[in-house]
file query_3.csv (CSV, C-alpha atoms)
chain,number,residue,atom,x,y,z
A,10,MET,CA,14.8,-2.7,-21.5
A,11,GLU,CA,15.8,0.7,-22.7
A,12,PHE,CA,14.3,2.6,-19.7
A,13,GLU,CA,15.5,0.3,-17.0
A,14,GLU,CA,17.2,1.7,-13.9
A,15,HIS,CA,19.7,-0.3,-11.9
A,16,VAL,CA,19.7,-0.1,-8.1
A,17,GLN,CA,23.3,0.6,-6.9
A,18,SER,CA,22.5,0.8,-3.2
A,19,ARG,CA,19.4,0.9,-0.9
A,20,GLN,CA,18.8,2.0,2.6
A,21,MET,CA,15.7,1.5,4.8
A,22,VAL,CA,15.4,5.0,6.3
A,23,TYR,CA,12.1,4.6,8.2
A,24,GLN,CA,10.5,1.5,9.6
A,25,GLY,CA,7.0,2.3,10.8
A,26,ASP,CA,4.0,0.2,11.7
A,27,LEU,CA,2.0,1.0,8.5
A,28,VAL,CA,4.8,2.1,6.1
A,29,GLN,CA,8.5,1.7,5.5
A,30,VAL,CA,10.6,4.2,3.5
A,31,GLU,CA,13.5,3.1,1.4
A,32,ARG,CA,16.0,5.3,-0.4
A,33,GLN,CA,17.8,4.0,-3.4
A,34,GLN,CA,20.7,5.3,-5.5
A,35,VAL,CA,20.0,4.2,-9.1
A,36,THR,CA,21.9,4.3,-12.4
A,37,MET,CA,19.7,5.5,-15.2
A,38,PRO,CA,20.0,4.2,-18.9
A,39,ASP,CA,22.3,7.2,-19.7
A,40,GLN,CA,24.6,6.2,-16.8
A,41,THR,CA,23.8,9.2,-14.7
A,42,THR,CA,22.8,8.7,-11.0
A,43,ALA,CA,19.6,9.6,-9.3
A,44,THR,CA,18.0,9.1,-5.8
A,45,ARG,CA,14.6,7.3,-5.5
A,46,GLU,CA,12.4,7.4,-2.4
A,47,ILE,CA,9.9,4.6,-2.0
A,48,VAL,CA,7.1,4.2,0.5
A,49,ARG,CA,6.5,0.5,1.1
A,50,HIS,CA,3.0,-0.5,2.1
A,51,GLN,CA,1.0,-3.8,2.3
A,52,PRO,CA,-1.2,-4.7,-0.7
A,53,ALA,CA,-4.8,-3.9,-0.4
A,54,ILE,CA,-8.3,-4.7,-1.7
A,55,ALA,CA,-11.4,-2.5,-2.3
A,56,VAL,CA,-14.9,-3.7,-3.1
A,57,LEU,CA,-17.7,-2.1,-5.1
A,58,MET,CA,-20.7,-3.7,-3.4
A,59,VAL,CA,-24.0,-3.3,-5.3
A,60,THR,CA,-27.3,-4.4,-3.8
A,61,PRO,CA,-30.3,-5.8,-5.8
A,62,GLU,CA,-31.9,-2.4,-5.3
A,63,ARG,CA,-29.0,-0.9,-7.3
A,64,GLN,CA,-27.3,0.8,-4.4
A,65,MET,CA,-23.6,0.9,-3.6
A,66,ILE,CA,-22.3,0.7,-0.1
A,67,VAL,CA,-19.9,3.4,1.1
A,68,GLU,CA,-18.3,3.9,4.5
A,69,GLN,CA,-18.1,7.2,6.3
A,70,GLN,CA,-15.0,7.3,8.6
A,71,TRP,CA,-12.4,9.6,10.1
A,72,ARG,CA,-9.1,9.7,8.3
A,73,ALA,CA,-6.1,11.1,10.1
A,74,ALA,CA,-4.2,11.7,6.8
A,75,VAL,CA,-7.0,13.9,5.5
A,76,ASN,CA,-7.9,15.3,8.9
A,77,GLY,CA,-11.6,14.8,8.2
A,78,LEU,CA,-14.4,12.4,7.3
A,79,THR,CA,-14.3,10.5,4.0
A,80,LEU,CA,-16.7,8.4,2.0
A,81,GLU,CA,-15.0,5.2,0.7
A,82,ILE,CA,-16.0,1.9,-0.6
A,83,PRO,CA,-15.1,-1.0,1.8
A,84,ALA,CA,-11.3,-1.6,1.6
A,85,GLY,CA,-8.4,-2.9,3.7
A,86,LYS,CA,-4.9,-4.2,3.8
A,87,VAL,CA,-4.2,-7.8,2.8
A,88,GLU,CA,-2.6,-9.6,5.8
A,89,THR,CA,0.8,-11.3,5.3
A,90,GLY,CA,0.2,-14.7,3.6
A,91,GLU,CA,-3.5,-14.0,3.0
A,92,ASP,CA,-5.1,-14.6,-0.4
A,93,MET,CA,-6.5,-11.3,-1.9
A,94,ASN,CA,-10.0,-12.8,-2.5
A,95,ALA,CA,-10.1,-14.0,1.1
A,96,ALA,CA,-9.1,-10.5,2.2
A,97,ALA,CA,-12.0,-9.1,0.2
A,98,MET,CA,-14.5,-11.5,1.8
A,99,ARG,CA,-13.1,-10.8,5.3
A,100,GLU,CA,-13.4,-7.1,4.9
A,101,LEU,CA,-17.0,-7.4,3.7
A,102,ASN,CA,-17.8,-9.4,6.8
A,103,GLU,CA,-15.9,-7.1,9.3
A,104,GLU,CA,-17.1,-3.8,7.8
A,105,THR,CA,-20.6,-4.5,6.4
A,106,ARG,CA,-21.7,-8.0,7.9
A,107,LEU,CA,-22.5,-9.1,4.4
A,108,THR,CA,-21.2,-11.8,2.2
A,109,ALA,CA,-21.2,-12.0,-1.7
A,110,GLN,CA,-22.3,-14.8,-4.0
A,111,HIS,CA,-20.4,-13.2,-6.8
A,112,LEU,CA,-17.0,-11.6,-6.4
A,113,GLU,CA,-15.0,-10.5,-9.4
A,114,VAL,CA,-11.7,-8.5,-9.9
A,115,VAL,CA,-12.3,-5.6,-12.3
A,116,ALA,CA,-8.9,-3.9,-12.1
A,117,GLU,CA,-5.5,-4.2,-10.4
A,118,PHE,CA,-3.3,-1.2,-9.9
A,119,TYR,CA,-0.7,0.8,-8.0
A,120,THR,CA,-2.4,3.6,-6.0
A,121,SER,CA,0.3,6.1,-6.7
A,122,PRO,CA,3.4,4.6,-8.4
A,123,GLY,CA,5.4,7.8,-8.3
A,124,PHE,CA,6.2,7.1,-4.6
A,125,THR,CA,4.6,4.0,-3.2
A,126,ASP,CA,4.4,0.3,-4.0
A,127,GLU,CA,0.9,0.0,-2.6
A,128,PHE,CA,-0.9,-2.4,-4.9
A,129,MET,CA,-4.7,-2.8,-4.9
A,130,LYS,CA,-7.3,-5.0,-6.5
A,131,LEU,CA,-10.7,-3.6,-7.1
A,132,TYR,CA,-13.5,-6.1,-6.8
A,133,VAL,CA,-17.2,-6.0,-7.7
A,134,ALA,CA,-19.4,-7.9,-5.2
A,135,THR,CA,-23.1,-8.8,-5.9
A,136,GLY,CA,-25.5,-11.3,-4.6
A,137,LEU,CA,-25.2,-9.8,-1.1
A,138,THR,CA,-26.6,-11.6,1.9
A,139,PRO,CA,-26.1,-11.3,5.7
A,140,VAL,CA,-23.2,-13.3,7.2
A,141,THR,CA,-23.9,-16.2,9.5
A,142,THR,CA,-20.6,-15.8,11.5
A,143,LYS,CA,-19.4,-12.4,12.4
A,144,LEU,CA,-15.7,-11.8,12.4
A,145,PRO,CA,-14.2,-9.5,15.1
A,146,GLN,CA,-14.0,-5.8,14.1
A,147,ASP,CA,-11.0,-3.5,14.3
A,148,PRO,CA,-11.3,-1.5,17.5
A,149,ASP,CA,-9.3,1.3,15.8
A,150,GLU,CA,-12.0,1.9,13.2
A,151,GLN,CA,-15.4,3.6,13.6
A,152,ILE,CA,-17.5,3.3,10.5
A,153,ALA,CA,-21.0,4.3,9.4
A,154,LEU,CA,-22.5,2.6,6.3
A,155,ILE,CA,-24.4,4.6,3.7
A,156,LYS,CA,-26.2,3.4,0.6
A,157,LEU,CA,-26.1,5.5,-2.6
A,158,ASP,CA,-27.7,5.1,-6.0
A,159,LEU,CA,-25.7,5.8,-9.1
A,160,PRO,CA,-27.0,9.3,-9.9
A,161,THR,CA,-26.3,10.3,-6.2
A,162,ALA,CA,-22.8,8.8,-6.3
A,163,LEU,CA,-22.0,10.6,-9.6
A,164,GLU,CA,-23.3,13.8,-8.1
A,165,GLN,CA,-21.1,13.4,-5.0
A,166,VAL,CA,-18.0,12.9,-7.2
A,167,ARG,CA,-18.9,16.1,-9.0
A,168,THR,CA,-19.5,18.2,-5.8
A,169,GLY,CA,-16.4,16.8,-4.0
A,170,GLN,CA,-18.3,15.0,-1.3
A,171,ILE,CA,-16.6,11.8,-2.5
A,172,GLN,CA,-12.8,12.4,-2.7
A,173,ASP,CA,-11.3,9.0,-2.5
A,174,ALA,CA,-9.5,7.6,-5.6
A,175,LYS,CA,-10.7,4.0,-5.5
A,176,THR,CA,-14.3,5.1,-4.8
A,177,VAL,CA,-14.3,7.6,-7.8
A,178,MET,CA,-12.9,4.8,-9.9
A,179,ALA,CA,-15.6,2.3,-8.7
A,180,ILE,CA,-18.4,4.8,-9.4
A,181,TRP,CA,-17.2,5.4,-12.9
A,182,TYR,CA,-16.9,1.6,-13.5
A,183,TRP,CA,-20.5,1.3,-12.3
A,184,GLN,CA,-21.6,4.0,-14.7
A,185,SER,CA,-20.6,1.8,-17.6
A,186,HIS,CA,-22.1,-1.3,-16.0
A,187,PRO,CA,-25.5,-0.1,-14.7
A,188,GLU,CA,-26.8,-3.7,-14.7
A,189,LEU,CA,-24.6,-4.6,-11.7
A,190,GLY,CA,-26.4,-6.2,-8.8
A,191,VAL,CA,-29.7,-6.9,-10.6
A,192,GLU,CA,-28.5,-10.0,-12.4
A,193,ALA,CA,-27.1,-11.6,-9.3
B,5,MET,CA,-18.6,15.5,14.7
B,6,GLU,CA,-19.2,12.1,16.2
B,7,PHE,CA,-16.2,10.3,14.5
B,8,GLU,CA,-13.7,13.1,15.0
B,9,GLU,CA,-10.3,12.2,16.4
B,10,HIS,CA,-8.2,14.7,18.3
B,11,VAL,CA,-4.5,14.9,17.9
B,12,GLN,CA,-2.7,14.8,21.3
B,13,SER,CA,0.8,14.8,19.9
B,14,ARG,CA,2.6,14.6,16.6
B,15,GLN,CA,6.2,13.9,15.6
B,16,MET,CA,7.9,14.2,12.3
B,17,VAL,CA,9.7,10.8,12.1
B,18,TYR,CA,11.1,11.0,8.5
B,19,GLN,CA,12.0,14.1,6.4
B,20,GLY,CA,12.7,13.0,2.9
B,21,ASP,CA,13.0,14.8,-0.5
B,22,LEU,CA,9.7,13.4,-1.8
B,23,VAL,CA,7.8,12.5,1.4
B,24,GLN,CA,7.7,13.2,5.1
B,25,VAL,CA,6.3,10.8,7.6
B,26,GLU,CA,4.4,12.0,10.7
B,27,ARG,CA,3.3,9.9,13.7
B,28,GLN,CA,0.4,11.1,15.7
B,29,GLN,CA,-1.1,10.0,19.0
B,30,VAL,CA,-4.9,10.6,18.8
B,31,THR,CA,-7.8,10.3,21.1
B,32,MET,CA,-10.8,8.6,19.5
B,33,PRO,CA,-14.5,9.5,20.2
B,34,ASP,CA,-14.7,6.8,22.9
B,35,GLN,CA,-11.6,8.4,24.6
B,36,THR,CA,-9.3,5.5,23.8
B,37,THR,CA,-5.9,6.3,22.3
B,38,ALA,CA,-4.5,5.2,18.9
B,39,THR,CA,-1.4,5.9,16.8
B,40,ARG,CA,-1.7,7.2,13.3
B,41,GLU,CA,1.1,7.2,10.7
B,42,ILE,CA,0.8,9.7,7.8
B,43,VAL,CA,2.9,10.1,4.7
B,44,ARG,CA,2.9,13.7,3.6
B,45,HIS,CA,3.3,14.4,-0.1
B,46,GLN,CA,2.8,17.4,-2.4
B,47,PRO,CA,-0.5,17.7,-4.2
B,48,ALA,CA,-0.5,16.5,-7.8
B,49,ILE,CA,-2.4,16.7,-11.1
B,50,ALA,CA,-3.1,14.2,-13.8
B,51,VAL,CA,-4.5,14.8,-17.3
B,52,LEU,CA,-6.6,12.6,-19.6
B,53,MET,CA,-5.6,14.0,-23.0
B,54,VAL,CA,-7.9,13.0,-25.9
B,55,THR,CA,-6.9,13.9,-29.5
B,56,PRO,CA,-9.5,14.7,-32.2
B,57,GLU,CA,-8.8,11.2,-33.5
B,58,ARG,CA,-10.2,9.9,-30.2
B,59,GLN,CA,-6.9,8.6,-28.9
B,60,MET,CA,-5.6,9.1,-25.4
B,61,ILE,CA,-2.0,9.8,-24.6
B,62,VAL,CA,-0.1,7.6,-22.1
B,63,GLU,CA,3.5,7.7,-21.0
B,64,GLN,CA,5.7,4.7,-20.6
B,65,GLN,CA,8.3,5.2,-17.9
B,66,TRP,CA,10.4,3.3,-15.4
B,67,ARG,CA,9.0,3.5,-11.8
B,68,ALA,CA,11.4,2.6,-9.0
B,69,ALA,CA,8.5,2.0,-6.6
B,70,VAL,CA,7.1,-0.7,-8.9
B,71,ASN,CA,10.5,-1.8,-10.1
B,72,GLY,CA,9.3,-1.8,-13.7
B,73,LEU,CA,7.7,0.1,-16.6
B,74,THR,CA,4.3,1.6,-16.2
B,75,LEU,CA,1.7,3.2,-18.6
B,76,GLU,CA,0.3,6.3,-17.0
B,77,ILE,CA,-1.5,9.4,-18.2
B,78,PRO,CA,0.6,12.6,-17.9
B,79,ALA,CA,0.9,13.7,-14.3
B,80,GLY,CA,3.1,15.5,-11.8
B,81,LYS,CA,3.5,17.2,-8.5
B,82,VAL,CA,2.2,20.7,-8.0
B,83,GLU,CA,5.1,23.0,-7.1
B,84,THR,CA,4.9,25.1,-3.9
B,85,GLY,CA,2.7,28.1,-4.6
B,86,GLU,CA,1.8,26.9,-8.0
B,87,ASP,CA,-1.9,27.0,-9.2
B,88,MET,CA,-3.2,23.5,-10.0
B,89,ASN,CA,-4.4,24.4,-13.5
B,90,ALA,CA,-1.0,26.0,-14.3
B,91,ALA,CA,0.7,22.8,-13.1
B,92,ALA,CA,-1.5,20.8,-15.5
B,93,MET,CA,-0.6,23.0,-18.5
B,94,ARG,CA,3.1,22.9,-17.5
B,95,GLU,CA,3.1,19.1,-17.3
B,96,LEU,CA,1.4,18.9,-20.7
B,97,ASN,CA,4.2,21.1,-22.2
B,98,GLU,CA,7.1,19.4,-20.5
B,99,GLU,CA,5.9,15.8,-21.1
B,100,THR,CA,4.0,15.9,-24.4
B,101,ARG,CA,4.9,19.3,-26.0
B,102,LEU,CA,1.2,20.0,-26.4
B,103,THR,CA,-1.2,22.6,-25.1
B,104,ALA,CA,-4.9,22.3,-24.6
B,105,GLN,CA,-7.7,24.7,-25.6
B,106,HIS,CA,-10.1,23.1,-23.1
B,107,LEU,CA,-9.0,22.0,-19.7
B,108,GLU,CA,-11.6,20.8,-17.2
B,109,VAL,CA,-11.4,19.2,-13.7
B,110,VAL,CA,-13.5,16.0,-13.6
B,111,ALA,CA,-12.6,14.7,-10.1
B,112,GLU,CA,-10.6,15.7,-7.0
B,113,PHE,CA,-9.4,12.9,-4.7
B,114,TYR,CA,-6.9,11.6,-2.2
B,115,THR,CA,-4.9,8.8,-3.9
B,116,SER,CA,-4.8,6.6,-0.8
B,117,PRO,CA,-6.4,8.3,2.3
B,118,GLY,CA,-5.6,5.4,4.6
B,119,PHE,CA,-1.9,6.5,4.8
B,120,THR,CA,-1.2,9.6,2.7
B,121,ASP,CA,-2.4,13.1,2.3
B,122,GLU,CA,-1.5,13.2,-1.4
B,123,PHE,CA,-4.4,15.0,-3.1
B,124,MET,CA,-4.9,14.9,-6.9
B,125,LYS,CA,-7.0,16.6,-9.4
B,126,LEU,CA,-7.9,14.7,-12.6
B,127,TYR,CA,-8.3,17.0,-15.7
B,128,VAL,CA,-9.6,16.3,-19.2
B,129,ALA,CA,-7.7,18.2,-21.9
B,130,THR,CA,-9.0,18.5,-25.5
B,131,GLY,CA,-8.3,20.9,-28.4
B,132,LEU,CA,-4.6,19.8,-28.4
B,133,THR,CA,-2.1,21.7,-30.4
B,134,PRO,CA,1.8,21.8,-30.3
B,135,VAL,CA,3.3,24.3,-27.9
B,136,THR,CA,5.2,27.3,-29.3
B,137,THR,CA,7.6,27.6,-26.3
B,138,LYS,CA,9.1,24.4,-24.9
B,139,LEU,CA,9.7,24.3,-21.2
B,140,PRO,CA,12.8,22.5,-19.9
B,141,GLN,CA,12.3,18.8,-19.1
B,142,ASP,CA,13.1,16.9,-15.9
B,143,PRO,CA,16.4,15.2,-16.5
B,144,ASP,CA,15.4,12.5,-14.0
B,145,GLU,CA,12.5,11.3,-16.2
B,146,GLN,CA,12.7,9.3,-19.4
B,147,ILE,CA,9.3,9.0,-21.1
B,148,ALA,CA,7.9,7.4,-24.2
B,149,LEU,CA,4.5,8.6,-25.5
B,150,ILE,CA,1.9,6.1,-26.7
B,151,LYS,CA,-1.5,6.8,-28.2
B,152,LEU,CA,-4.4,4.4,-27.4
B,153,ASP,CA,-8.0,4.3,-28.6
B,154,LEU,CA,-10.7,3.5,-26.1
B,155,PRO,CA,-11.2,-0.3,-26.9
B,156,THR,CA,-7.4,-0.8,-26.6
B,157,ALA,CA,-7.2,1.1,-23.3
B,158,LEU,CA,-10.1,-0.9,-21.8
B,159,GLU,CA,-8.4,-4.1,-23.0
B,160,GLN,CA,-5.1,-3.0,-21.4
B,161,VAL,CA,-6.9,-2.5,-18.0
B,162,ARG,CA,-8.5,-5.9,-18.3
B,163,THR,CA,-5.2,-7.6,-19.1
B,164,GLY,CA,-3.2,-5.7,-16.5
B,165,GLN,CA,-0.9,-3.9,-18.9
B,166,ILE,CA,-2.3,-0.7,-17.4
B,167,GLN,CA,-1.9,-0.8,-13.6
B,168,ASP,CA,-2.0,2.8,-12.5
B,169,ALA,CA,-5.0,4.0,-10.5
B,170,LYS,CA,-5.4,7.5,-12.0
B,171,THR,CA,-5.1,6.0,-15.5
B,172,VAL,CA,-7.7,3.2,-14.9
B,173,MET,CA,-9.9,5.9,-13.5
B,174,ALA,CA,-9.4,8.2,-16.5
B,175,ILE,CA,-10.2,5.3,-18.9
B,176,TRP,CA,-13.4,4.5,-17.2
B,177,TYR,CA,-14.4,8.2,-17.2
B,178,TRP,CA,-13.7,8.2,-21.0
B,179,GLN,CA,-15.8,5.1,-21.4
B,180,SER,CA,-18.9,7.1,-20.2
B,181,HIS,CA,-17.9,10.2,-22.3
B,182,PRO,CA,-16.9,8.7,-25.7
B,183,GLU,CA,-17.5,12.1,-27.4
B,184,LEU,CA,-14.4,13.6,-25.7
B,185,GLY,CA,-11.9,15.2,-28.1
B,186,VAL,CA,-14.3,15.3,-31.1
B,187,GLU,CA,-16.3,18.3,-30.1
B,188,ALA,CA,-13.2,20.4,-29.3
call {"tool": "encode", "arguments": {"input": "query_3.csv", "output": "structure tokens"}}
result
Amino acid sequence: MEFEEHVQSRQMVYQGDLVQVERQQVTMPDQTTATREIVRHQPAIAVLMVTPERQMIVEQQWRAAVNGLTLEIPAGKVETGEDMNAAAMRELNEETRLTAQHLEVVAEFYTSPGFTDEFMKLYVATGLTPVTTKLPQDPDEQIALIKLDLPTALEQVRTGQIQDAKTVMAIWYWQSHPELGVEA
Amino acid sequence: MEFEEHVQSRQMVYQGDLVQVERQQVTMPDQTTATREIVRHQPAIAVLMVTPERQMIVEQQWRAAVNGLTLEIPAGKVETGEDMNAAAMRELNEETRLTAQHLEVVAEFYTSPGFTDEFMKLYVATGLTPVTTKLPQDPDEQIALIKLDLPTALEQVRTGQIQDAKTVMAIWYWQSHPELGVEA
């Protein structure tokens, strides 16, 4: 592969609870050397939930990285050994107390491949009904649930009230699939 | 603000070239304590460039974090003190040797607010013409340019050939604005 870089050496320079940072010395195709810094993070899932009333569910929560409140679709890290679909259903239960009859992956992507290996699958969930068994919630998270229709969601992207990449992405997907939720 | 957390102490635990990692001890609204880990990163811009022939420009490049080739719209970090619009025009010049008559912000977002403060603006650029003055290119980057029409781009999201969040987002924006490029 003409662009391929070869790792000459690697060093784990930070081992945190949420992320690990690795530094690599790499040889580029023209044989010059460069340094690469990589933030390792667990894979994650995110879910565009659309109700039969054509409303999406977003969560308002405090984010330390942003030092403020955000509006985000339900999302979370995949646990070690956990199937991604199972992680999506678990997060729906923990965060919204709903389950979905229909759960479909609509995109798979790296959240910011210039510096991190965090890999995410975006699901669409429809046919929403209350769960019968409630899973324990994360005590570190305080979340308020809000429902938005499509015009409001689009407006909140335009005005900057919604500033989360996966949520913007989900809203623009929904814009091209306005039938979501109704058919379920 | 009912969800607000208060930072009790903070420590810079890793100082890299590309990222810095900070650990915080925070007090939550219920007065319990939690640890937060934040990856600090420069703000960034990304540009959906659409030609009058209704093709978008994507870059193929090697990404160490992904250990493989990616297809991404032109993007880059904003330099310290640099205006974000100026950064967008600079990246177009450096990476595609084009300039844009029309440059518009269509969304502003955090790429992954659960762990990083990286903030990005997504632009749409139309009215593309070759630059008259070529800015120096980054020797650490080797890039091939590829043009895609909308049906092909959507198909490459579906098949997983395109796996970059900002690029998926841009393609879904374009799907709802198929007139882009033509009017310029």
call {"tool": "interface_residues", "arguments": {"input": "query_3.csv", "of": "chain B", "to": "chain A", "cutoff": "8 Å", "atoms": "only C-alpha atoms", "output": "PyMOL selection string"}}
result
chain B and resi 7-9+17-18+20-23+38+40-43+65-70+72-73+110-121+144+146+161-162+164+166-170+172-173+176-177+179-180
call {"tool": "atom_distance", "arguments": {"input": "query_3.csv", "atom1": "CA of Thr138 in chain A", "atom2": "CA of Asp92 in chain A"}}
result
21.8 Å
call {"tool": "atom_distance", "arguments": {"input": "query_3.csv", "atom1": "CA of Lys156 in chain A", "atom2": "CA of Ala96 in chain A"}}
result
22.1 Å
call {"tool": "residues_around", "arguments": {"input": "query_3.csv", "residues": "Gly85 in chain B", "least_positions_apart": "5", "cutoff": "12 Å", "atoms": "only C-alpha atoms", "output": "list in words"}}
result
Gln46, Pro47, Ala90 and Ala91 of chain B
call {"tool": "residues_near_point", "arguments": {"input": "query_3.csv", "point": "(-18.5, -0.8, 4.4)", "cutoff": "6 Å", "atoms": "all atoms listed in the file", "output": "list in words"}}
result
Val67, Glu68, Pro83, Glu104, Thr105 and Leu154 of chain A
call {"tool": "residues_around", "arguments": {"input": "query_3.csv", "residues": "His111 in chain A", "least_positions_apart": "6", "cutoff": "10 Å", "atoms": "only C-alpha atoms", "output": "ChimeraX atom specification"}}
result
/A:132-137,190,193
call {"tool": "closest_residue", "arguments": {"input": "query_3.csv", "among": "A:Met21, A:Leu157, A:Leu163, A:Ala53", "to": "Glu88 in chain A", "atoms": "all atoms listed in the file"}}
result
A:Ala53
call {"tool": "atom_distance", "arguments": {"input": "query_3.csv", "atom1": "CA of Gln110 in chain A", "atom2": "CA of Pro61 in chain A"}}
result
12.2 Å
call {"tool": "build_atoms", "arguments": {"input": "query_3.csv", "residues": "range 51-63 of chain A", "atoms": "N, CA and C atoms", "output": "mmCIF file, in the coordinates of the input"}}
result
data_model
loop_
_atom_site.group_PDB
_atom_site.id
_atom_site.type_symbol
_atom_site.label_atom_id
_atom_site.label_comp_id
_atom_site.auth_asym_id
_atom_site.auth_seq_id
_atom_site.Cartn_x
_atom_site.Cartn_y
_atom_site.Cartn_z
ATOM 1 N N GLN A 51 1.664 -2.536 2.562
ATOM 2 C CA GLN A 51 1.000 -3.800 2.300
ATOM 3 C C GLN A 51 0.081 -3.696 1.057
ATOM 4 N N PRO A 52 -0.125 -4.746 0.287
ATOM 5 C CA PRO A 52 -1.200 -4.700 -0.700
ATOM 6 C C PRO A 52 -2.535 -4.561 -0.104
ATOM 7 N N ALA A 53 -3.515 -4.161 -0.907
ATOM 8 C CA ALA A 53 -4.800 -3.900 -0.400
ATOM 9 C C ALA A 53 -5.918 -4.300 -1.356
ATOM 10 N N ILE A 54 -7.124 -4.380 -0.831
ATOM 11 C CA ILE A 54 -8.300 -4.700 -1.700
ATOM 12 C C ILE A 54 -9.355 -3.632 -1.423
ATOM 13 N N ALA A 55 -10.203 -3.433 -2.424
ATOM 14 C CA ALA A 55 -11.400 -2.500 -2.300
ATOM 15 C C ALA A 55 -12.511 -3.207 -3.027
ATOM 16 N N VAL A 56 -13.745 -2.953 -2.566
ATOM 17 C CA VAL A 56 -14.900 -3.700 -3.100
ATOM 18 C C VAL A 56 -16.054 -2.746 -3.421
ATOM 19 N N LEU A 57 -16.452 -2.723 -4.692
ATOM 20 C CA LEU A 57 -17.700 -2.100 -5.100
ATOM 21 C C LEU A 57 -18.830 -3.064 -4.829
ATOM 22 N N MET A 58 -19.613 -2.817 -3.778
ATOM 23 C CA MET A 58 -20.700 -3.700 -3.400
ATOM 24 C C MET A 58 -22.006 -3.064 -3.960
ATOM 25 N N VAL A 59 -22.747 -3.823 -4.766
ATOM 26 C CA VAL A 59 -24.000 -3.300 -5.300
ATOM 27 C C VAL A 59 -25.143 -4.217 -4.925
ATOM 28 N N THR A 60 -26.145 -3.637 -4.285
ATOM 29 C CA THR A 60 -27.300 -4.400 -3.800
ATOM 30 C C THR A 60 -28.278 -4.644 -4.963
ATOM 31 N N PRO A 61 -29.230 -5.591 -4.767
ATOM 32 C CA PRO A 61 -30.300 -5.800 -5.800
ATOM 33 C C PRO A 61 -31.099 -4.558 -6.068
ATOM 34 N N GLU A 62 -31.137 -3.639 -5.108
ATOM 35 C CA GLU A 62 -31.900 -2.400 -5.300
ATOM 36 C C GLU A 62 -30.996 -1.345 -6.028
ATOM 37 N N ARG A 63 -29.871 -1.799 -6.584
ATOM 38 C CA ARG A 63 -29.000 -0.900 -7.300
ATOM 39 C C ARG A 63 -28.416 0.213 -6.484
#
